[in-house]
Structures are given as structure tokens and as C-alpha cells.
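Here is the structure we will look at.
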Amino acid sequence: MWVTPETFEKNIVWLKEKFEIIRLKDWVSTSTSTFKNKNYCCITFDDGWLDNYQYALPILVKHNIPITLFCVSEMIESGLDFWPGRLASYVRQSVGTGRWPECLDDWPWLNAVVSDDEAIKQRPLGQANMDKLIDGCKIYSDSDINQFLDIMFENERKDYVQPRRLLNTIEVREMIETGLVDIGSHTKYHTRLTTLRTDTQLTDEILGSKLSLEARFGVTVDLFCYPNGHWTRPAIEMVEQYYLGGCVLRSGWNYQGQSLGDLKRFNMHEDIANEKVEFFSRMSGFI
Ligand SMILES: [Zn+2]
């Protein structure tokens with residue numbers, strides 16, 4: 001999901017015509033009576049991508065727009081990508097070297113996902129088939145997939161280093177110092193909370209990520225965002241215990257007085273976001 005810088009700037013201008021753009025933490029922490037007869041909009045970014053700093057930040061500063069940036073606490077200095085990026089990199093390089101799909105024989109866990117799907121075995125795969133492969137891997141837990149990939153990259157003895165795609169500490173600090181960027185938590189390792197088996201694991205991802213980000217950046221982390229939008233009832237209850245609010249991926253508006261552990265949002269991608277009618281149709285819930 002992405003938009004060009006030009007589209008993003010247009011979106012900001014359009015939003016300002018219809019809404020007052022405020023900090024999400026202000027909306028969730030202010031009493032109902034303060035907000036009356038007005039529509040408010042809060043902007044959030046998930047995952048902590050480097051391009052948020054490179055392209056979005058200058059536009060936010062130019063228009064004085066606050067956002068919440070949901071960071072994955074232990075990925076910030078890891079230099080690693082999320083597993084879908086790592087897997088895609090492996091597959092693309094295997095396709096490039098002519099080893100795809102024969103290399104699947106070396107990796108039974110991946111072979112089980114591909115199964116008899118001949119479309120995924122094609123060279124090149126195409127984005128739709130890559131998405132299908134990544135989706136199929138979700139039968140495994142995130143930590144299992146990362147372990148599979150660690151072994152895969154070690155055994156292959158190839159240089160799979162990609163250009164860094166996630167923000168580092170210095171860049172996040174610079175974003176915070178603009179006074180426009182609030183840091184939220186997106187767990188420690190971008191773990192889908194539905195795959196966790198114990199309360200200890202859940203606490204580690206939900207509370208552990210908050211404590212880690214607060215210690216690293218010296219800010220209060222009040223908001224949470226569920227990886228992949230996947231949540232469970234215990235996860236929401238824990239988020240409501242430790243945070244002011246949590247964001248899901250379900251589309252829709254939020255109203256004062258509603259529960260704050262499952263705040264709805266509208267996803268924006270270039271195909272919808274670059275036309276005004278489609279942009280507002282998405283925000284109206286029509287598309
Ligand atoms: Zn995410």
C-alpha cells in the first residue's frame with residue numbers, strides 16, 4: 001500500500017477542506033464535550049518505513065500536519081525487513097538466477113505452501129502470485145517464518161542484503177523533534193497477535209514494545225496498532241489496559257464515546273488516493 005508524494009500532498013490539501021486534522025492521541029484523550037459539530041481526521045502511518053521520513057515528512061512539515069507513526073520497536077535498528085520483504089527478495093533472486101522453482105525442493109515449508117499451484121512456479125512470478133505466496137505462508141507463525149528465512153539465507157551463502165527500508169533511531173528522533181510526529185507501537189517484531197500462544201508472549205509484544213520505544217525515544221507511547229489488523233479479545237483488553245487506544249484495519253469512522261481499543265481507519269493506496277472523488281468515496285465507505 002503506497003501513494004506518491006504528489007498524491008499524498010493532494011490528500012492533505014483535500015482533507016484540510018473537509019476536516020480539522022488533529023493528533024489521534026488528543027482525540028482519544030479529550031472529553032466528548034470538547035468535540036462538537038465538526039469532523040476531525042487523524043493520520044496514521046504503519047510499520048516505520050524509511051520513505052515516511054524521506055517523502056512524507058517534508059510535506060507534513062510544509063502543511064503543519066500531525067501524524068501518529070506506528071513503529072515496530074525491535075526492528076528499528078535491526079537492518080532487517082519484515083518477513084514478506086525478505087521472502088520476496090529470496091524469491092526474486094532465485095527467479096533472477098534461474099533457480100526458481102527448482103530451489104523449492106530445498107525448502108519443504110515453502111514447497112508445502114506452493115503445493116501444486118503452477119502459477120506461483122512461473123518465472124517471473126508477477127505481483128499477484130507473489131502476494132498469493134506471502135499470504136499462503138501465513139499458516140506459519142511470524143517467528144517460525146523468520147527462523148525458516150534465517151536458515152534459508154545462511155544455507156544459500158548469498159548476499160541477500162537489501163537497501164534499508166525501515167527507519168532508524170536517528171530518523172525517528174528527527175521526526176519526533178518536528179513536534180508533529182507521535183510514536184505509537186506496532187509490537188516488537190510485527191507479530192500477528194492471533195498466532196501467539198501465551199499471555200506472556202502477548203504481554204511482551206504489547207507492553208514490551210511500548211516500554212522499549214519509550215526508553216529509546218524518551219516519549220510516552222499512548223497508541224497501539226495491531227499487525228495485519230489481526231486482533232483477539234484478550235489483545236484488545238490488554239491494549240485498553242496499557243494504551244489510550246488501538247487501531248485496527250477495519251474501514252470506518254470513529255465516534256466519541258465508542259470503545260478505543262479497536263479504532264477504525266481508511267486505507268489509502270495510489271489507485272484510490274490520486275482522484276478526489278475516489279478518495280472521498282473511500283472515506284465515505286462507498287468503495
Ligand atoms: Zn504493519
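Chain identifiers are assigned as A, B, and so on, following the order in which chains appear in the C-alpha cells; residues are numbered from 1 within each chain, and ligands are numbered from 1 in order of appearance.
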
Hey, which residues come within 10 Å of ligand 1 if we count only C-alpha atoms and all ligand atoms? Could you give them as a short mmCIF file (atom, residue, chain, number, x, y, z; two decimals) with all heavy atoms, in the first residue's frame?
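The resulting file, selection_6.cif, is shown below:
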data_model
loop_
_atom_site.label_atom_id
_atom_site.label_comp_id
_atom_site.auth_asym_id
_atom_site.auth_seq_id
_atom_site.Cartn_x
_atom_site.Cartn_y
_atom_site.Cartn_z
N PHE A 45 0.55 6.33 10.15
CA PHE A 45 1.43 5.55 9.27
C PHE A 45 1.85 4.29 10.01
O PHE A 45 2.25 4.37 11.16
CB PHE A 45 2.71 6.35 8.94
CG PHE A 45 2.53 7.46 7.96
CD1 PHE A 45 1.98 8.67 8.34
CD2 PHE A 45 2.95 7.29 6.65
CE1 PHE A 45 1.82 9.70 7.42
CE2 PHE A 45 2.80 8.31 5.72
CZ PHE A 45 2.23 9.52 6.11
N ASP A 46 1.79 3.16 9.35
CA ASP A 46 2.17 1.89 9.98
C ASP A 46 3.56 1.45 9.56
O ASP A 46 3.99 1.69 8.43
CB ASP A 46 1.20 0.77 9.58
CG ASP A 46 -0.17 0.95 10.18
OD1 ASP A 46 -0.44 2.02 10.76
OD2 ASP A 46 -0.99 0.02 10.07
N ASP A 47 4.23 0.75 10.46
CA ASP A 47 5.45 -0.03 10.19
C ASP A 47 6.77 0.72 10.34
O ASP A 47 7.80 0.11 10.59
CB ASP A 47 5.46 -0.68 8.78
CG ASP A 47 4.27 -1.61 8.59
OD1 ASP A 47 3.85 -2.23 9.57
OD2 ASP A 47 3.77 -1.69 7.46
N GLY A 48 6.77 2.04 10.11
CA GLY A 48 8.03 2.78 10.22
C GLY A 48 8.91 2.64 9.00
O GLY A 48 10.10 2.32 9.09
N TRP A 49 8.35 2.90 7.83
CA TRP A 49 9.14 2.83 6.59
C TRP A 49 10.01 4.05 6.42
O TRP A 49 9.61 5.17 6.74
CB TRP A 49 8.21 2.69 5.38
CG TRP A 49 7.39 1.45 5.40
CD1 TRP A 49 6.06 1.36 5.71
CD2 TRP A 49 7.82 0.11 5.13
NE1 TRP A 49 5.65 0.05 5.64
CE2 TRP A 49 6.71 -0.74 5.29
CE3 TRP A 49 9.05 -0.44 4.75
CZ2 TRP A 49 6.79 -2.12 5.09
CZ3 TRP A 49 9.13 -1.81 4.56
CH2 TRP A 49 8.00 -2.63 4.73
N PHE A 70 3.37 4.41 13.72
CA PHE A 70 3.39 3.15 14.47
C PHE A 70 4.67 2.38 14.14
O PHE A 70 4.82 1.89 13.01
CB PHE A 70 2.15 2.32 14.15
CG PHE A 70 0.90 2.90 14.76
CD1 PHE A 70 -0.09 3.46 13.96
CD2 PHE A 70 0.71 2.89 16.13
CE1 PHE A 70 -1.24 4.00 14.53
CE2 PHE A 70 -0.43 3.43 16.72
CZ PHE A 70 -1.41 3.98 15.91
N CYS A 71 5.56 2.30 15.12
CA CYS A 71 6.87 1.67 14.90
C CYS A 71 6.92 0.27 15.51
O CYS A 71 6.31 0.01 16.54
CB CYS A 71 7.96 2.51 15.56
SG CYS A 71 8.21 4.09 14.77
N VAL A 72 7.71 -0.58 14.88
CA VAL A 72 7.95 -1.94 15.38
C VAL A 72 9.25 -1.86 16.18
O VAL A 72 10.33 -1.72 15.60
CB VAL A 72 8.06 -2.93 14.21
CG1 VAL A 72 8.27 -4.34 14.73
CG2 VAL A 72 6.79 -2.85 13.34
N PHE A 82 10.68 -6.79 7.12
CA PHE A 82 9.68 -7.74 7.60
C PHE A 82 9.76 -9.00 6.73
O PHE A 82 10.23 -8.96 5.60
CB PHE A 82 8.28 -7.14 7.52
CG PHE A 82 8.14 -5.88 8.32
CD1 PHE A 82 7.81 -4.69 7.72
CD2 PHE A 82 8.36 -5.89 9.69
CE1 PHE A 82 7.69 -3.53 8.46
CE2 PHE A 82 8.24 -4.74 10.44
CZ PHE A 82 7.91 -3.56 9.82
N HIS A 186 3.71 -0.77 17.26
CA HIS A 186 3.18 -1.74 16.30
C HIS A 186 3.79 -3.11 16.64
O HIS A 186 4.15 -3.86 15.74
CB HIS A 186 3.58 -1.27 14.90
CG HIS A 186 2.79 -1.86 13.77
ND1 HIS A 186 1.48 -2.24 13.87
CD2 HIS A 186 3.15 -2.11 12.47
CE1 HIS A 186 1.08 -2.70 12.69
NE2 HIS A 186 2.07 -2.64 11.83
N THR A 187 3.92 -3.36 17.95
CA THR A 187 4.53 -4.57 18.55
C THR A 187 6.06 -4.53 18.48
O THR A 187 6.64 -3.58 17.94
CB THR A 187 4.06 -5.92 17.93
OG1 THR A 187 4.62 -6.05 16.62
CG2 THR A 187 2.57 -6.03 17.92
N TYR A 189 7.99 -7.17 17.09
CA TYR A 189 8.53 -7.83 15.87
C TYR A 189 7.49 -7.92 14.74
O TYR A 189 7.61 -8.75 13.86
CB TYR A 189 9.01 -9.24 16.21
CG TYR A 189 10.14 -9.26 17.20
CD1 TYR A 189 9.90 -9.56 18.54
CD2 TYR A 189 11.44 -8.97 16.80
CE1 TYR A 189 10.94 -9.57 19.47
CE2 TYR A 189 12.48 -8.99 17.71
CZ TYR A 189 12.23 -9.29 19.05
OH TYR A 189 13.26 -9.29 19.96
N HIS A 190 6.45 -7.09 14.80
CA HIS A 190 5.35 -7.18 13.82
C HIS A 190 4.71 -8.56 13.86
O HIS A 190 4.37 -9.16 12.82
CB HIS A 190 5.83 -6.86 12.40
CG HIS A 190 4.72 -6.33 11.52
ND1 HIS A 190 3.96 -7.14 10.72
CD2 HIS A 190 4.23 -5.08 11.34
CE1 HIS A 190 3.07 -6.41 10.08
NE2 HIS A 190 3.20 -5.15 10.44
N THR A 191 4.50 -9.06 15.04
CA THR A 191 3.92 -10.39 15.23
C THR A 191 2.39 -10.30 15.13
O THR A 191 1.78 -9.46 15.79
CB THR A 191 4.29 -10.91 16.62
OG1 THR A 191 5.71 -10.79 16.75
CG2 THR A 191 3.85 -12.34 16.81
N ARG A 192 1.82 -11.17 14.31
CA ARG A 192 0.35 -11.24 14.29
C ARG A 192 -0.10 -11.80 15.64
O ARG A 192 0.25 -12.92 15.98
CB ARG A 192 -0.12 -12.14 13.15
CG ARG A 192 -0.05 -11.49 11.77
CD ARG A 192 -0.18 -12.53 10.67
NE ARG A 192 1.00 -13.36 10.61
CZ ARG A 192 1.00 -14.65 10.26
NH1 ARG A 192 -0.11 -15.26 9.94
NH2 ARG A 192 2.13 -15.35 10.24
N CYS A 225 -1.10 -0.32 17.40
CA CYS A 225 -1.67 -0.71 16.12
C CYS A 225 -1.41 -2.20 15.92
O CYS A 225 -0.28 -2.66 16.08
CB CYS A 225 -1.01 0.12 15.03
SG CYS A 225 -1.48 -0.33 13.38
N TYR A 226 -2.46 -2.97 15.62
CA TYR A 226 -2.37 -4.43 15.52
C TYR A 226 -1.76 -4.84 14.17
O TYR A 226 -2.33 -4.49 13.12
CB TYR A 226 -3.77 -5.06 15.64
CG TYR A 226 -4.50 -4.66 16.90
CD1 TYR A 226 -5.22 -3.46 16.96
CD2 TYR A 226 -4.47 -5.47 18.03
CE1 TYR A 226 -5.89 -3.08 18.11
CE2 TYR A 226 -5.14 -5.09 19.19
CZ TYR A 226 -5.84 -3.90 19.22
OH TYR A 226 -6.49 -3.52 20.36
N PRO A 227 -0.64 -5.57 14.15
CA PRO A 227 -0.06 -6.01 12.86
C PRO A 227 -1.07 -6.81 12.03
O PRO A 227 -1.78 -7.66 12.57
CB PRO A 227 1.12 -6.90 13.28
CG PRO A 227 1.53 -6.36 14.61
CD PRO A 227 0.23 -5.96 15.28
N ASN A 228 -1.12 -6.47 10.75
CA ASN A 228 -2.06 -7.10 9.82
C ASN A 228 -3.51 -6.83 10.20
O ASN A 228 -4.42 -7.43 9.62
CB ASN A 228 -1.87 -8.63 9.78
CG ASN A 228 -0.87 -9.03 8.72
OD1 ASN A 228 0.21 -8.47 8.66
ND2 ASN A 228 -1.25 -9.97 7.88
N GLY A 229 -3.72 -6.00 11.21
CA GLY A 229 -5.08 -5.76 11.69
C GLY A 229 -5.66 -6.95 12.43
O GLY A 229 -6.85 -6.97 12.74
N LEU A 249 -7.59 -2.57 11.15
CA LEU A 249 -7.58 -2.25 9.72
C LEU A 249 -8.99 -2.14 9.14
O LEU A 249 -9.15 -1.93 7.96
CB LEU A 249 -6.80 -3.33 8.94
CG LEU A 249 -5.28 -3.23 9.00
CD1 LEU A 249 -4.65 -4.32 8.14
CD2 LEU A 249 -4.78 -1.86 8.56
#

Residues within 12 Å of A:Phe217, only C-alpha atoms, excluding chain neighbours under 5 positions, as a PyMOL selection string: chain A and resi 71+73+76+168-177+182-184+210-212

With a distance cut-off of 12 Å and only C-alpha atoms, select the neighbouring residues of A:Ser141, excluding the residue or stretch itself and same-chain residues fewer than 4 positions from it, and output the selection as a PDB file with N, CA, C and O atoms, in the first residue's frame.
ATOM      1  N   TRP A  83       9.237 -10.109   7.267  1.00  0.00           N
ATOM      2  CA  TRP A  83       9.416 -11.369   6.532  1.00  0.00           C
ATOM      3  C   TRP A  83       8.841 -11.370   5.115  1.00  0.00           C
ATOM      4  O   TRP A  83       9.446 -11.994   4.227  1.00  0.00           O
ATOM      5  N   GLY A 136      -0.066 -17.324   1.613  1.00  0.00           N
ATOM      6  CA  GLY A 136      -0.040 -18.750   1.940  1.00  0.00           C
ATOM      7  C   GLY A 136       0.870 -19.056   3.122  1.00  0.00           C
ATOM      8  O   GLY A 136       0.606 -19.957   3.920  1.00  0.00           O
ATOM      9  N   CYS A 137       1.955 -18.288   3.241  1.00  0.00           N
ATOM     10  CA  CYS A 137       2.921 -18.525   4.330  1.00  0.00           C
ATOM     11  C   CYS A 137       2.334 -18.189   5.697  1.00  0.00           C
ATOM     12  O   CYS A 137       2.925 -18.521   6.725  1.00  0.00           O
ATOM     13  N   ILE A 145       8.432 -18.289  10.539  1.00  0.00           N
ATOM     14  CA  ILE A 145       8.834 -17.884   9.178  1.00  0.00           C
ATOM     15  C   ILE A 145      10.197 -17.206   9.212  1.00  0.00           C
ATOM     16  O   ILE A 145      11.071 -17.483   8.388  1.00  0.00           O
ATOM     17  N   ASN A 146      10.407 -16.333  10.199  1.00  0.00           N
ATOM     18  CA  ASN A 146      11.711 -15.658  10.283  1.00  0.00           C
ATOM     19  C   ASN A 146      12.838 -16.659  10.523  1.00  0.00           C
ATOM     20  O   ASN A 146      13.933 -16.511   9.976  1.00  0.00           O
ATOM     21  N   GLN A 147      12.550 -17.685  11.322  1.00  0.00           N
ATOM     22  CA  GLN A 147      13.586 -18.709  11.543  1.00  0.00           C
ATOM     23  C   GLN A 147      13.855 -19.500  10.263  1.00  0.00           C
ATOM     24  O   GLN A 147      15.008 -19.781   9.924  1.00  0.00           O
ATOM     25  N   PHE A 148      12.788 -19.835   9.539  1.00  0.00           N
ATOM     26  CA  PHE A 148      12.970 -20.527   8.247  1.00  0.00           C
ATOM     27  C   PHE A 148      13.854 -19.678   7.323  1.00  0.00           C
ATOM     28  O   PHE A 148      14.762 -20.188   6.663  1.00  0.00           O
ATOM     29  N   TYR A 189       7.993  -7.170  17.089  1.00  0.00           N
ATOM     30  CA  TYR A 189       8.526  -7.825  15.870  1.00  0.00           C
ATOM     31  C   TYR A 189       7.487  -7.917  14.743  1.00  0.00           C
ATOM     32  O   TYR A 189       7.612  -8.745  13.862  1.00  0.00           O
ATOM     33  N   HIS A 190       6.448  -7.090  14.801  1.00  0.00           N
ATOM     34  CA  HIS A 190       5.350  -7.176  13.819  1.00  0.00           C
ATOM     35  C   HIS A 190       4.705  -8.559  13.857  1.00  0.00           C
ATOM     36  O   HIS A 190       4.369  -9.164  12.822  1.00  0.00           O
ATOM     37  N   THR A 191       4.498  -9.059  15.038  1.00  0.00           N
ATOM     38  CA  THR A 191       3.918 -10.386  15.225  1.00  0.00           C
ATOM     39  C   THR A 191       2.393 -10.301  15.134  1.00  0.00           C
ATOM     40  O   THR A 191       1.780  -9.461  15.794  1.00  0.00           O
ATOM     41  N   ARG A 192       1.821 -11.168  14.311  1.00  0.00           N
ATOM     42  CA  ARG A 192       0.346 -11.238  14.291  1.00  0.00           C
ATOM     43  C   ARG A 192      -0.101 -11.801  15.636  1.00  0.00           C
ATOM     44  O   ARG A 192       0.249 -12.924  15.983  1.00  0.00           O
ATOM     45  N   LEU A 193      -0.868 -11.019  16.368  1.00  0.00           N
ATOM     46  CA  LEU A 193      -1.196 -11.393  17.750  1.00  0.00           C
ATOM     47  C   LEU A 193      -2.056 -12.652  17.815  1.00  0.00           C
ATOM     48  O   LEU A 193      -2.051 -13.352  18.823  1.00  0.00           O
ATOM     49  N   THR A 194      -2.742 -12.967  16.719  1.00  0.00           N
ATOM     50  CA  THR A 194      -3.579 -14.171  16.687  1.00  0.00           C
ATOM     51  C   THR A 194      -2.732 -15.446  16.699  1.00  0.00           C
ATOM     52  O   THR A 194      -3.247 -16.530  16.934  1.00  0.00           O
ATOM     53  N   THR A 195      -1.429 -15.318  16.414  1.00  0.00           N
ATOM     54  CA  THR A 195      -0.577 -16.517  16.360  1.00  0.00           C
ATOM     55  C   THR A 195       0.119 -16.785  17.693  1.00  0.00           C
ATOM     56  O   THR A 195       0.829 -17.778  17.831  1.00  0.00           O
ATOM     57  N   LEU A 196      -0.066 -15.898  18.670  1.00  0.00           N
ATOM     58  CA  LEU A 196       0.629 -16.080  19.952  1.00  0.00           C
ATOM     59  C   LEU A 196      -0.127 -17.075  20.826  1.00  0.00           C
ATOM     60  O   LEU A 196      -1.350 -17.109  20.837  1.00  0.00           O
ATOM     61  N   ARG A 197       0.657 -17.850  21.582  1.00  0.00           N
ATOM     62  CA  ARG A 197       0.034 -18.936  22.336  1.00  0.00           C
ATOM     63  C   ARG A 197      -0.136 -18.616  23.820  1.00  0.00           C
ATOM     64  O   ARG A 197      -0.983 -19.192  24.475  1.00  0.00           O
TER      65      ARG A 197
END

Alpha helix (DSSP H) call set, DSSP backbone run, stretch 26-265 of chain A, as a VMD selection string: chain A and resid 26 to 29 50 to 51 57 to 63 83 to 96 108 to 114 127 to 136 142 to 156 169 to 177 199 to 203 209 to 217 233 to 242

Best match for closeness to A:Cys42 among A:Arg123, A:Gly285, A:Ile206, A:Cys247, counting only C-alpha atoms: A:Cys247

Two-atom distance - atom CA of A:Trp109, atom CA of A:Tyr140 (Å):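 The value is 9.0 Å.
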
All strand (DSSP E) residues (DSSP, backbone) inside stretch 18-101 of chain A, as a VMD selection string: chain A and resid 20 to 21 40 to 41 43 to 47 67 to 71

Residue subset to file, keeping N, CA and C atoms, as a PDB file, in the first residue's frame:
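Writing the result to out19.pdb gives the following:
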ATOM      1  N   GLU A  20     -10.854  19.068  10.386  1.00  0.00           N
ATOM      2  CA  GLU A  20      -9.739  19.586  11.171  1.00  0.00           C
ATOM      3  C   GLU A  20      -8.829  18.397  11.451  1.00  0.00           C
ATOM      4  N   ILE A  21      -7.579  18.487  11.057  1.00  0.00           N
ATOM      5  CA  ILE A  21      -6.653  17.363  11.251  1.00  0.00           C
ATOM      6  C   ILE A  21      -5.983  17.524  12.615  1.00  0.00           C
ATOM      7  N   TYR A  40     -13.410  15.565  12.462  1.00  0.00           N
ATOM      8  CA  TYR A  40     -11.973  15.545  12.724  1.00  0.00           C
ATOM      9  C   TYR A  40     -11.350  14.367  11.982  1.00  0.00           C
ATOM     10  N   CYS A  41     -10.106  14.548  11.612  1.00  0.00           N
ATOM     11  CA  CYS A  41      -9.380  13.490  10.925  1.00  0.00           C
ATOM     12  C   CYS A  41      -8.013  13.317  11.581  1.00  0.00           C
ATOM     13  N   ILE A  43      -4.276  11.208  11.045  1.00  0.00           N
ATOM     14  CA  ILE A  43      -3.487  10.454  10.056  1.00  0.00           C
ATOM     15  C   ILE A  43      -2.509   9.522  10.782  1.00  0.00           C
ATOM     16  N   THR A  44      -2.458   8.278  10.313  1.00  0.00           N
ATOM     17  CA  THR A  44      -1.528   7.310  10.906  1.00  0.00           C
ATOM     18  C   THR A  44      -0.693   6.653   9.809  1.00  0.00           C
ATOM     19  N   PHE A  45       0.554   6.326  10.147  1.00  0.00           N
ATOM     20  CA  PHE A  45       1.434   5.553   9.266  1.00  0.00           C
ATOM     21  C   PHE A  45       1.848   4.295  10.011  1.00  0.00           C
ATOM     22  N   ASP A  46       1.791   3.155   9.348  1.00  0.00           N
ATOM     23  CA  ASP A  46       2.166   1.890   9.984  1.00  0.00           C
ATOM     24  C   ASP A  46       3.565   1.446   9.563  1.00  0.00           C
ATOM     25  N   ASP A  47       4.231   0.751  10.455  1.00  0.00           N
ATOM     26  CA  ASP A  47       5.452  -0.031  10.187  1.00  0.00           C
ATOM     27  C   ASP A  47       6.769   0.719  10.339  1.00  0.00           C
ATOM     28  N   ILE A  67       0.857  13.565  12.775  1.00  0.00           N
ATOM     29  CA  ILE A  67       0.547  12.161  12.476  1.00  0.00           C
ATOM     30  C   ILE A  67       0.950  11.279  13.663  1.00  0.00           C
ATOM     31  N   THR A  68       0.452  10.048  13.633  1.00  0.00           N
ATOM     32  CA  THR A  68       0.971   9.025  14.541  1.00  0.00           C
ATOM     33  C   THR A  68       1.730   8.012  13.700  1.00  0.00           C
ATOM     34  N   LEU A  69       2.961   7.723  14.113  1.00  0.00           N
ATOM     35  CA  LEU A  69       3.825   6.778  13.393  1.00  0.00           C
ATOM     36  C   LEU A  69       3.936   5.506  14.230  1.00  0.00           C
ATOM     37  N   PHE A  70       3.369   4.409  13.723  1.00  0.00           N
ATOM     38  CA  PHE A  70       3.392   3.150  14.472  1.00  0.00           C
ATOM     39  C   PHE A  70       4.669   2.378  14.136  1.00  0.00           C
ATOM     40  N   CYS A  71       5.559   2.301  15.117  1.00  0.00           N
ATOM     41  CA  CYS A  71       6.875   1.672  14.900  1.00  0.00           C
ATOM     42  C   CYS A  71       6.922   0.272  15.507  1.00  0.00           C
TER      43      CYS A  71
END

Near-A:Glu237 list (12 Å; only C-alpha atoms; drop same-chain fewer than 3 positions) as a PyMOL selection string: chain A and resi 199+202-203+206+231-234+240-246+259-262

May I have the residues from that selection written out with N, CA, C and O atoms, as an mmCIF file, in the first residue's frame?
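Everything below was put into out_29.cif:
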data_model
loop_
_atom_site.group_PDB
_atom_site.id
_atom_site.type_symbol
_atom_site.label_atom_id
_atom_site.label_comp_id
_atom_site.auth_asym_id
_atom_site.auth_seq_id
_atom_site.Cartn_x
_atom_site.Cartn_y
_atom_site.Cartn_z
ATOM 1 N N ASP A 199 -0.067 -15.757 27.359
ATOM 2 C CA ASP A 199 -0.234 -14.386 27.832
ATOM 3 C C ASP A 199 1.105 -13.669 27.920
ATOM 4 O O ASP A 199 1.190 -12.457 27.704
ATOM 5 N N LEU A 202 1.975 -12.358 24.611
ATOM 6 C CA LEU A 202 1.114 -11.216 24.285
ATOM 7 C C LEU A 202 1.579 -9.975 25.047
ATOM 8 O O LEU A 202 1.686 -8.885 24.472
ATOM 9 N N THR A 203 1.888 -10.145 26.322
ATOM 10 C CA THR A 203 2.359 -9.017 27.131
ATOM 11 C C THR A 203 3.678 -8.484 26.581
ATOM 12 O O THR A 203 3.909 -7.280 26.524
ATOM 13 N N ILE A 206 2.844 -6.465 23.397
ATOM 14 C CA ILE A 206 2.015 -5.267 23.584
ATOM 15 C C ILE A 206 2.656 -4.289 24.570
ATOM 16 O O ILE A 206 2.852 -3.107 24.242
ATOM 17 N N TRP A 231 -6.487 -9.143 15.530
ATOM 18 C CA TRP A 231 -6.596 -8.944 16.977
ATOM 19 C C TRP A 231 -7.416 -10.068 17.594
ATOM 20 O O TRP A 231 -8.103 -10.807 16.891
ATOM 21 N N THR A 232 -7.272 -10.192 18.910
ATOM 22 C CA THR A 232 -8.101 -11.133 19.662
ATOM 23 C C THR A 232 -8.716 -10.332 20.809
ATOM 24 O O THR A 232 -8.246 -9.227 21.111
ATOM 25 N N ARG A 233 -9.733 -10.876 21.438
ATOM 26 C CA ARG A 233 -10.353 -10.157 22.554
ATOM 27 C C ARG A 233 -9.345 -9.889 23.682
ATOM 28 O O ARG A 233 -9.246 -8.757 24.156
ATOM 29 N N PRO A 234 -8.535 -10.913 24.111
ATOM 30 C CA PRO A 234 -7.534 -10.617 25.145
ATOM 31 C C PRO A 234 -6.539 -9.529 24.713
ATOM 32 O O PRO A 234 -6.089 -8.739 25.537
ATOM 33 N N GLU A 240 -6.258 -1.903 25.831
ATOM 34 C CA GLU A 240 -7.039 -0.895 26.567
ATOM 35 C C GLU A 240 -6.470 -0.658 27.966
ATOM 36 O O GLU A 240 -6.633 0.417 28.539
ATOM 37 N N GLN A 241 -5.781 -1.680 28.493
ATOM 38 C CA GLN A 241 -5.172 -1.544 29.827
ATOM 39 C C GLN A 241 -3.917 -0.656 29.771
ATOM 40 O O GLN A 241 -3.699 0.166 30.659
ATOM 41 N N TYR A 242 -3.096 -0.808 28.730
ATOM 42 C CA TYR A 242 -1.799 -0.136 28.709
ATOM 43 C C TYR A 242 -1.745 1.100 27.800
ATOM 44 O O TYR A 242 -0.767 1.847 27.836
ATOM 45 N N TYR A 243 -2.736 1.270 26.954
ATOM 46 C CA TYR A 243 -2.705 2.375 25.981
ATOM 47 C C TYR A 243 -4.008 3.172 26.047
ATOM 48 O O TYR A 243 -5.014 2.687 26.562
ATOM 49 N N LEU A 244 -3.969 4.354 25.434
ATOM 50 C CA LEU A 244 -5.203 5.136 25.321
ATOM 51 C C LEU A 244 -6.105 4.563 24.231
ATOM 52 O O LEU A 244 -7.324 4.704 24.284
ATOM 53 N N GLY A 245 -5.496 3.943 23.217
ATOM 54 C CA GLY A 245 -6.305 3.392 22.130
ATOM 55 C C GLY A 245 -5.493 2.502 21.221
ATOM 56 O O GLY A 245 -4.254 2.509 21.256
ATOM 57 N N GLY A 246 -6.202 1.702 20.390
ATOM 58 C CA GLY A 246 -5.542 0.805 19.437
ATOM 59 C C GLY A 246 -6.239 0.866 18.088
ATOM 60 O O GLY A 246 -7.468 1.006 18.024
ATOM 61 N N SER A 259 -15.727 2.376 22.099
ATOM 62 C CA SER A 259 -14.558 1.740 22.706
ATOM 63 C C SER A 259 -13.314 2.178 21.921
ATOM 64 O O SER A 259 -13.382 2.437 20.712
ATOM 65 N N LEU A 260 -12.179 2.257 22.612
ATOM 66 C CA LEU A 260 -10.986 2.847 21.988
ATOM 67 C C LEU A 260 -9.917 1.818 21.633
ATOM 68 O O LEU A 260 -8.888 2.165 21.053
ATOM 69 N N GLY A 261 -10.177 0.547 21.952
ATOM 70 C CA GLY A 261 -9.183 -0.490 21.667
ATOM 71 C C GLY A 261 -9.241 -1.000 20.245
ATOM 72 O O GLY A 261 -8.391 -1.787 19.818
ATOM 73 N N ASP A 262 -10.254 -0.589 19.485
ATOM 74 C CA ASP A 262 -10.381 -1.057 18.095
ATOM 75 C C ASP A 262 -10.856 0.086 17.197
ATOM 76 O O ASP A 262 -11.935 0.038 16.613
#
